[in-house]
Amino acid sequence: MNMAETLHFKEPMARHVSWRAGGPADRFFVAKSVEELSRFLASVPREEALLFVGLGSNLLVRDGGFRGTVILTHSAKKSARMDGGLVYAEAGVASPKVARFAATHHFVGAEFLAGIPGTVGGALAMNAGCYGGETWDIIRKVLTVDRSGAIHERAKPDYEIAYRHCRLHSAQEEWFVAAWFELANGDGEASRLRIKELLARRIATQPLTLPNAGSVFRNPPGDHAARLIEGCGLKGLARGGARVSEKHANFIVNPDGAASAADIEQLILQVKKTVLEKTGVDLVPEVRIVGEPA
Ligand SMILES: Cc1cc2nc3c(=O)[nH]c(=O)nc-3n(C[C@H](O)[C@H](O)[C@H](O)COP(=O)(O)OP(=O)(O)OC[C@H]3O[C@@H](n4cnc5c(N)ncnc54)[C@H](O)[C@@H]3O)c2cc1C
């Protein structure tokens with residue numbers, strides 16, 4: 001492995017997160033294959049902090065940066081394939097590719113992934129979902145890697161899975177490197193149509209032309225974070241370069257690409273505080289915020 005090609009230093013994470021804001025990663029490794037990743041991890045000191053990143057569509061790195069090594073899994077070259085009747089995809093494959101691959105091969109049930117602009121690894125870690133579907137509903141098994149670079153095959157019951165939550169029961173430190181999706185045979189054409197409809201719905205309701213990270217807060221039980229935020233009159237509220245979207249109140253946008261991570265984080269805290277004061281509901285962020293302040 002040529003480390004100079006794949007290991008970078010002081011890499012601006014604003015380039016790798018959909019909010020287009022935030023500080024650098026001390027070290028940044030681009031994982032081209034599972035084998036290369038495994039060899040790299042075996043060489044990393046045990047005390048080094050590690051952060052796996054897919055498409056950074058649910059992530060903010062504070063302006064002072066991340067003291068450790070970021071492992072970037074996403075590659076536009078990676079795609080899904082069939083493996084023994086299951087759809088197999090490495091962690092760095094974009095989730096919408098899995099949805100399209102499944103439809104093309106006449107499998108149904110993965111359509112919802114078409115509108116989630118992250119990777120398979122991020123979808124597993126977040127148990128990403130929408131329109132009634134969740135990632136782990138359609139997973140048979142996964143491949144993981146641990147700090148030493150050893151690869152493990154894990155079955156669904158090895159995990160505690162809930163709304164936007166996934167954790168190994170054994171609490172071992174492992175990351176996803178691949179997944180096998182178990183999908184029912186069905187009408188591929190109907191599946192492609194459903195994908196089109198879902199995407200049209202998103203374009204109509206979400207500020208997709210501006211840098212954002214999807215829903216900022218989890219929906220509280222029986223309610224919608226967007227409804228509460230809008231009800232508190234917070235649409236359009238701005239902090240530095242960050243703004244609560246006028247199109248979807250649970251989105252924070254970075255319209256000019258000028259927001260700092262601190263602008264975004266402060267705005268999140270301000271929304272949370274106002275909603276708590278006015279409605280009594282304590283919203284919980286869905287986005288992951290890591291790293292050091294400036
Ligand atoms: C426009 C828009 C719409 C969205 N709509 C939805 C939606 O409908 N439903 C929904 O659930 N989410 C939605 N999201 C949020 C986001 O796309 C999902 O959470 C997605 O699954 C994150 O994938 P990612 O690869 O971008 O993860 P990242 O943002 O890169 O990482 C997110 C978290 O997962 C961890 N992670 C990433 N890869 C791995 C890995 N290989 N192993 C272990 N941990 C890993 C990271 O460390 C981090 O904690 C939306 C985001 C945007 C921008």
# chains A, B, ... in the order shown; residues from 1 in each chain; ligands from 1
$ residues_around --residues "segment 119-128 of chain A" --least-positions-apart "2" --cutoff "10 Å" --atoms "only C-alpha atoms" --output "count of residues only"
49
$ select_by_dssp --residues "segment 48-207 of chain A" --states "helix (DSSP H, G or I)" --output "count of residues only"
47
$ residues_around --residues "Asn185 of chain A" --least-positions-apart "4" --cutoff "9 Å" --atoms "only C-alpha atoms" --output "PyMOL selection string"
chain A and resi 105-108
$ write_last_selection --atoms "all heavy atoms" --output "short mmCIF file (atom, residue, chain, number, x, y, z; two decimals), in the first residue's frame"
data_model
loop_
_atom_site.label_atom_id
_atom_site.label_comp_id
_atom_site.auth_asym_id
_atom_site.auth_seq_id
_atom_site.Cartn_x
_atom_site.Cartn_y
_atom_site.Cartn_z
N HIS A 105 -32.81 -5.25 -10.33
CA HIS A 105 -32.77 -6.72 -10.21
C HIS A 105 -34.08 -7.29 -9.69
O HIS A 105 -34.11 -8.42 -9.19
CB HIS A 105 -31.58 -7.15 -9.35
CG HIS A 105 -30.28 -6.90 -10.05
ND1 HIS A 105 -29.71 -5.66 -10.14
CD2 HIS A 105 -29.46 -7.75 -10.73
CE1 HIS A 105 -28.58 -5.74 -10.83
NE2 HIS A 105 -28.40 -6.98 -11.21
N HIS A 106 -35.16 -6.48 -9.79
CA HIS A 106 -36.52 -6.92 -9.42
C HIS A 106 -36.63 -7.32 -7.95
O HIS A 106 -37.29 -8.31 -7.62
CB HIS A 106 -36.99 -8.05 -10.35
CG HIS A 106 -36.89 -7.66 -11.79
ND1 HIS A 106 -37.81 -6.82 -12.38
CD2 HIS A 106 -35.95 -7.93 -12.72
CE1 HIS A 106 -37.45 -6.60 -13.63
NE2 HIS A 106 -36.32 -7.26 -13.87
N PHE A 107 -36.00 -6.54 -7.09
CA PHE A 107 -36.21 -6.70 -5.65
C PHE A 107 -36.94 -5.47 -5.14
O PHE A 107 -36.70 -4.36 -5.62
CB PHE A 107 -34.87 -6.80 -4.91
CG PHE A 107 -34.16 -8.09 -5.14
CD1 PHE A 107 -32.98 -8.13 -5.86
CD2 PHE A 107 -34.66 -9.28 -4.63
CE1 PHE A 107 -32.31 -9.32 -6.08
CE2 PHE A 107 -34.01 -10.48 -4.84
CZ PHE A 107 -32.83 -10.50 -5.57
N VAL A 108 -37.83 -5.68 -4.17
CA VAL A 108 -38.57 -4.54 -3.61
C VAL A 108 -38.27 -4.40 -2.11
O VAL A 108 -37.86 -5.36 -1.45
CB VAL A 108 -40.11 -4.70 -3.81
CG1 VAL A 108 -40.45 -4.63 -5.28
CG2 VAL A 108 -40.62 -6.01 -3.21
#
$ closest_residue --among "A:Pro24, A:Pro211, A:Gly291, A:Pro157" --to "ligand 1" --atoms "only C-alpha atoms and all ligand atoms"
A:Pro211
$ closest_residue --among "A:Gly188, A:Gly231, A:Gly241, A:Gly118" --to "ligand 1" --atoms "only C-alpha atoms and all ligand atoms"
A:Gly118
$ closest_residue --among "A:Arg81, A:Arg202, A:Lys272, A:Lys141" --to "His248 of chain A" --atoms "only C-alpha atoms"
A:Arg202
$ closest_residue --among "A:Leu198, A:Arg67, A:Leu60, A:Phe101" --to "Arg15 of chain A" --atoms "only C-alpha atoms"
A:Leu60
$ residues_around --residues "Ala31 of chain A" --least-positions-apart "5" --cutoff "8 Å" --atoms "only C-alpha atoms" --output "PyMOL selection string"
chain A and resi 6+36-37+71-74
$ residues_around --residues "Phe40 of chain A" --least-positions-apart "6" --cutoff "12 Å" --atoms "only C-alpha atoms" --output "VMD selection string"
chain A and resid 1 to 3 6 to 7 28 to 34 50 69 71 145 to 150
$ closest_residue --among "A:Tyr88, A:Tyr159, A:Trp180, A:Trp19" --to "ligand 1" --atoms "only C-alpha atoms and all ligand atoms"
A:Trp19
$ closest_residue --among "A:Val271, A:Ala155, A:Ala21, A:Met82" --to "Pro255 of chain A" --atoms "only C-alpha atoms"
A:Ala21
$ residues_around --residues "Leu210 of chain A" --least-positions-apart "5" --cutoff "12 Å" --atoms "only C-alpha atoms" --output "ChimeraX atom specification"
/A:18-20,203,242-248,251-258
$ atom_distance --atom1 "atom CA of Gly222 of chain A" --atom2 "atom CA of Asp282 of chain A"
13.7 Å
$ residues_around --residues "Lys10 of chain A" --least-positions-apart "2" --cutoff "7 Å" --atoms "only C-alpha atoms" --output "compact mmCIF listing (two decimals) with C-alpha atoms, in the first residue's frame"
# COMPACT_ATOMS: atom_id res chain seq x y z
CA HIS A 8 -3.59 12.93 4.22
CA PRO A 12 -10.55 20.12 5.69
CA PRO A 24 -9.83 19.70 9.62
CA ALA A 25 -9.04 16.09 10.51
CA ASP A 26 -5.48 15.63 11.82
CA ARG A 27 -5.16 12.50 9.68
$ select_by_dssp --residues "segment 69-272 of chain A" --states "strand (DSSP E or B)" --output "mmCIF file with C-alpha atoms, in the first residue's frame"
data_model
loop_
_atom_site.group_PDB
_atom_site.id
_atom_site.type_symbol
_atom_site.label_atom_id
_atom_site.label_comp_id
_atom_site.auth_asym_id
_atom_site.auth_seq_id
_atom_site.Cartn_x
_atom_site.Cartn_y
_atom_site.Cartn_z
ATOM 1 C CA THR A 69 -7.811 9.757 12.082
ATOM 2 C CA VAL A 70 -10.841 10.009 9.848
ATOM 3 C CA ILE A 71 -11.442 6.929 7.680
ATOM 4 C CA LEU A 72 -13.335 7.876 4.530
ATOM 5 C CA ARG A 81 -23.601 -6.676 -6.494
ATOM 6 C CA MET A 82 -25.502 -9.936 -6.028
ATOM 7 C CA ASP A 83 -24.157 -12.536 -3.630
ATOM 8 C CA LEU A 86 -28.732 -11.237 -1.412
ATOM 9 C CA VAL A 87 -27.715 -7.728 -2.428
ATOM 10 C CA TYR A 88 -24.157 -7.122 -1.215
ATOM 11 C CA ALA A 89 -22.677 -3.647 -0.812
ATOM 12 C CA GLU A 90 -19.524 -2.347 0.819
ATOM 13 C CA ALA A 94 -23.975 5.312 -1.687
ATOM 14 C CA PHE A 107 -36.206 -6.699 -5.648
ATOM 15 C CA VAL A 108 -38.575 -4.543 -3.605
ATOM 16 C CA THR A 119 -23.523 5.510 2.412
ATOM 17 C CA GLY A 129 -34.992 5.427 7.345
ATOM 18 C CA CYS A 130 -37.971 7.259 5.957
ATOM 19 C CA GLY A 133 -38.738 1.867 6.041
ATOM 20 C CA GLU A 134 -35.601 1.484 8.154
ATOM 21 C CA ILE A 139 -30.400 -6.417 6.544
ATOM 22 C CA ARG A 140 -29.510 -10.127 6.793
ATOM 23 C CA LYS A 141 -25.904 -9.737 8.040
ATOM 24 C CA VAL A 142 -22.959 -7.356 8.033
ATOM 25 C CA LEU A 143 -19.176 -7.392 7.909
ATOM 26 C CA THR A 144 -17.318 -5.294 10.462
ATOM 27 C CA VAL A 145 -13.722 -4.401 11.205
ATOM 28 C CA ASP A 146 -12.192 -3.836 14.637
ATOM 29 C CA ILE A 151 -12.879 -8.692 10.049
ATOM 30 C CA HIS A 152 -16.032 -10.138 11.685
ATOM 31 C CA GLU A 153 -19.305 -11.347 10.222
ATOM 32 C CA ARG A 154 -22.213 -10.271 12.410
ATOM 33 C CA ALA A 155 -25.890 -11.215 12.307
ATOM 34 C CA TYR A 159 -27.200 -5.599 17.515
ATOM 35 C CA GLU A 160 -29.547 -3.497 19.612
ATOM 36 C CA ILE A 161 -31.564 -1.659 16.985
ATOM 37 C CA ALA A 162 -34.079 1.164 17.421
ATOM 38 C CA HIS A 165 -29.988 3.800 16.799
ATOM 39 C CA CYS A 166 -27.722 0.790 16.371
ATOM 40 C CA ARG A 167 -25.247 -0.655 18.865
ATOM 41 C CA LEU A 168 -23.448 -3.985 19.216
ATOM 42 C CA GLU A 174 -16.261 -2.134 15.459
ATOM 43 C CA TRP A 175 -17.169 -0.357 12.234
ATOM 44 C CA PHE A 176 -19.163 -1.515 9.214
ATOM 45 C CA VAL A 177 -17.327 -2.561 6.068
ATOM 46 C CA ALA A 178 -20.153 -4.274 4.151
ATOM 47 C CA ALA A 179 -23.747 -5.485 4.350
ATOM 48 C CA TRP A 180 -26.002 -8.112 2.789
ATOM 49 C CA PHE A 181 -29.553 -6.899 2.113
ATOM 50 C CA ALA A 184 -38.339 -9.779 -1.600
ATOM 51 C CA ASN A 185 -38.700 -10.457 -5.315
ATOM 52 C CA PHE A 217 -33.455 16.620 15.388
ATOM 53 C CA ALA A 238 -30.210 32.792 11.507
ATOM 54 C CA ARG A 239 -26.913 32.628 13.344
ATOM 55 C CA ALA A 242 -26.482 29.278 9.254
ATOM 56 C CA ARG A 243 -30.259 29.473 8.968
ATOM 57 C CA VAL A 244 -33.313 27.409 9.880
ATOM 58 C CA ILE A 252 -30.551 23.970 8.982
ATOM 59 C CA VAL A 253 -28.995 25.298 5.790
#
$ decode --residues "segment 22-160 of chain A" --atoms "C-alpha atoms" --output "short mmCIF file (atom, residue, chain, number, x, y, z; two decimals), in the first residue's frame"
data_model
loop_
_atom_site.label_atom_id
_atom_site.label_comp_id
_atom_site.auth_asym_id
_atom_site.auth_seq_id
_atom_site.Cartn_x
_atom_site.Cartn_y
_atom_site.Cartn_z
CA GLY A 22 -16.24 22.68 9.95
CA GLY A 23 -12.58 22.08 10.80
CA PRO A 24 -9.83 19.70 9.62
CA ALA A 25 -9.04 16.09 10.51
CA ASP A 26 -5.48 15.63 11.82
CA ARG A 27 -5.16 12.50 9.68
CA PHE A 28 -7.43 11.32 6.91
CA PHE A 29 -7.34 7.89 5.31
CA VAL A 30 -9.22 6.98 2.14
CA ALA A 31 -10.22 3.30 2.32
CA LYS A 32 -10.04 1.90 -1.22
CA SER A 33 -10.79 -1.70 -0.25
CA VAL A 34 -11.63 -3.76 2.82
CA GLU A 35 -8.19 -5.43 2.69
CA GLU A 36 -6.35 -2.09 2.53
CA LEU A 37 -8.46 -0.71 5.39
CA SER A 38 -7.73 -3.78 7.48
CA ARG A 39 -3.96 -3.43 6.92
CA PHE A 40 -4.09 0.29 7.69
CA LEU A 41 -5.98 -0.22 10.98
CA ALA A 42 -3.42 -2.80 12.09
CA SER A 43 -0.80 -0.01 11.84
CA VAL A 44 -2.74 2.64 13.82
CA PRO A 45 -1.68 3.15 17.48
CA ARG A 46 -4.33 1.89 19.93
CA GLU A 47 -4.81 5.31 21.56
CA GLU A 48 -5.59 7.06 18.26
CA ALA A 49 -9.19 8.30 18.00
CA LEU A 50 -10.93 6.99 14.85
CA LEU A 51 -13.93 8.41 13.02
CA PHE A 52 -15.52 6.57 10.09
CA VAL A 53 -17.13 8.91 7.56
CA GLY A 54 -19.24 8.01 4.55
CA LEU A 55 -20.81 10.95 2.74
CA GLY A 56 -20.88 13.18 5.84
CA SER A 57 -24.59 13.78 5.39
CA ASN A 58 -25.32 13.52 9.10
CA LEU A 59 -22.12 14.94 10.51
CA LEU A 60 -20.49 18.15 11.72
CA VAL A 61 -16.82 18.44 12.71
CA ARG A 62 -16.27 21.45 14.99
CA ASP A 63 -14.08 24.29 13.68
CA GLY A 64 -11.05 23.27 15.79
CA GLY A 65 -11.01 19.94 13.93
CA PHE A 66 -10.82 16.25 14.81
CA ARG A 67 -7.79 15.05 16.85
CA GLY A 68 -7.40 11.62 15.36
CA THR A 69 -7.81 9.76 12.08
CA VAL A 70 -10.84 10.01 9.85
CA ILE A 71 -11.44 6.93 7.68
CA LEU A 72 -13.33 7.88 4.53
CA THR A 73 -15.24 4.91 3.15
CA HIS A 74 -17.19 6.48 0.29
CA SER A 75 -16.12 6.10 -3.29
CA ALA A 76 -18.23 6.88 -6.34
CA LYS A 77 -16.56 3.85 -7.98
CA LYS A 78 -18.05 1.41 -5.47
CA SER A 79 -21.33 -0.32 -6.32
CA ALA A 80 -23.63 -3.10 -5.15
CA ARG A 81 -23.60 -6.68 -6.49
CA MET A 82 -25.50 -9.94 -6.03
CA ASP A 83 -24.16 -12.54 -3.63
CA GLY A 84 -26.08 -15.78 -3.12
CA GLY A 85 -29.52 -14.23 -3.65
CA LEU A 86 -28.73 -11.24 -1.41
CA VAL A 87 -27.71 -7.73 -2.43
CA TYR A 88 -24.16 -7.12 -1.21
CA ALA A 89 -22.68 -3.65 -0.81
CA GLU A 90 -19.52 -2.35 0.82
CA ALA A 91 -19.96 0.34 3.50
CA GLY A 92 -18.76 3.05 1.11
CA VAL A 93 -21.47 2.45 -1.51
CA ALA A 94 -23.98 5.31 -1.69
CA SER A 95 -27.37 4.20 -0.33
CA PRO A 96 -29.33 5.45 -3.39
CA LYS A 97 -27.21 3.09 -5.52
CA VAL A 98 -28.46 0.14 -3.46
CA ALA A 99 -32.07 1.26 -4.03
CA ARG A 100 -31.54 1.51 -7.80
CA PHE A 101 -29.56 -1.74 -8.01
CA ALA A 102 -32.33 -3.60 -6.12
CA ALA A 103 -35.07 -2.23 -8.40
CA THR A 104 -33.06 -3.14 -11.51
CA HIS A 105 -32.77 -6.72 -10.21
CA HIS A 106 -36.52 -6.92 -9.42
CA PHE A 107 -36.21 -6.70 -5.65
CA VAL A 108 -38.57 -4.54 -3.61
CA GLY A 109 -38.28 -2.92 -0.18
CA ALA A 110 -35.12 -0.83 -0.58
CA GLU A 111 -36.81 2.10 -2.39
CA PHE A 112 -36.64 4.38 0.68
CA LEU A 113 -32.82 4.32 0.50
CA ALA A 114 -32.98 6.30 -2.76
CA GLY A 115 -33.70 9.52 -0.87
CA ILE A 116 -31.06 9.11 1.84
CA PRO A 117 -27.90 10.77 0.52
CA GLY A 118 -25.39 8.81 2.61
CA THR A 119 -23.52 5.51 2.41
CA VAL A 120 -24.45 1.99 3.47
CA GLY A 121 -22.09 2.35 6.48
CA GLY A 122 -23.78 5.56 7.58
CA ALA A 123 -27.24 4.04 7.04
CA LEU A 124 -26.32 1.05 9.25
CA ALA A 125 -24.76 3.23 11.98
CA MET A 126 -27.79 5.56 12.04
CA ASN A 127 -30.44 2.95 11.20
CA ALA A 128 -31.44 5.52 8.60
CA GLY A 129 -34.99 5.43 7.34
CA CYS A 130 -37.97 7.26 5.96
CA TYR A 131 -41.49 6.73 4.61
CA GLY A 132 -41.99 3.70 6.86
CA GLY A 133 -38.74 1.87 6.04
CA GLU A 134 -35.60 1.48 8.15
CA THR A 135 -32.20 0.18 7.08
CA TRP A 136 -32.01 -2.73 9.53
CA ASP A 137 -35.45 -4.00 8.41
CA ILE A 138 -33.78 -5.23 5.21
CA ILE A 139 -30.40 -6.42 6.54
CA ARG A 140 -29.51 -10.13 6.79
CA LYS A 141 -25.90 -9.74 8.04
CA VAL A 142 -22.96 -7.36 8.03
CA LEU A 143 -19.18 -7.39 7.91
CA THR A 144 -17.32 -5.29 10.46
CA VAL A 145 -13.72 -4.40 11.20
CA ASP A 146 -12.19 -3.84 14.64
CA ARG A 147 -9.24 -1.66 15.71
CA SER A 148 -6.73 -4.40 15.02
CA GLY A 149 -8.02 -4.71 11.45
CA ALA A 150 -9.69 -8.10 12.07
CA ILE A 151 -12.88 -8.69 10.05
CA HIS A 152 -16.03 -10.14 11.69
CA GLU A 153 -19.31 -11.35 10.22
CA ARG A 154 -22.21 -10.27 12.41
CA ALA A 155 -25.89 -11.22 12.31
CA LYS A 156 -28.77 -8.86 13.03
CA PRO A 157 -29.44 -10.26 16.55
CA ASP A 158 -25.90 -9.18 17.54
CA TYR A 159 -27.20 -5.60 17.52
CA GLU A 160 -29.55 -3.50 19.61
#
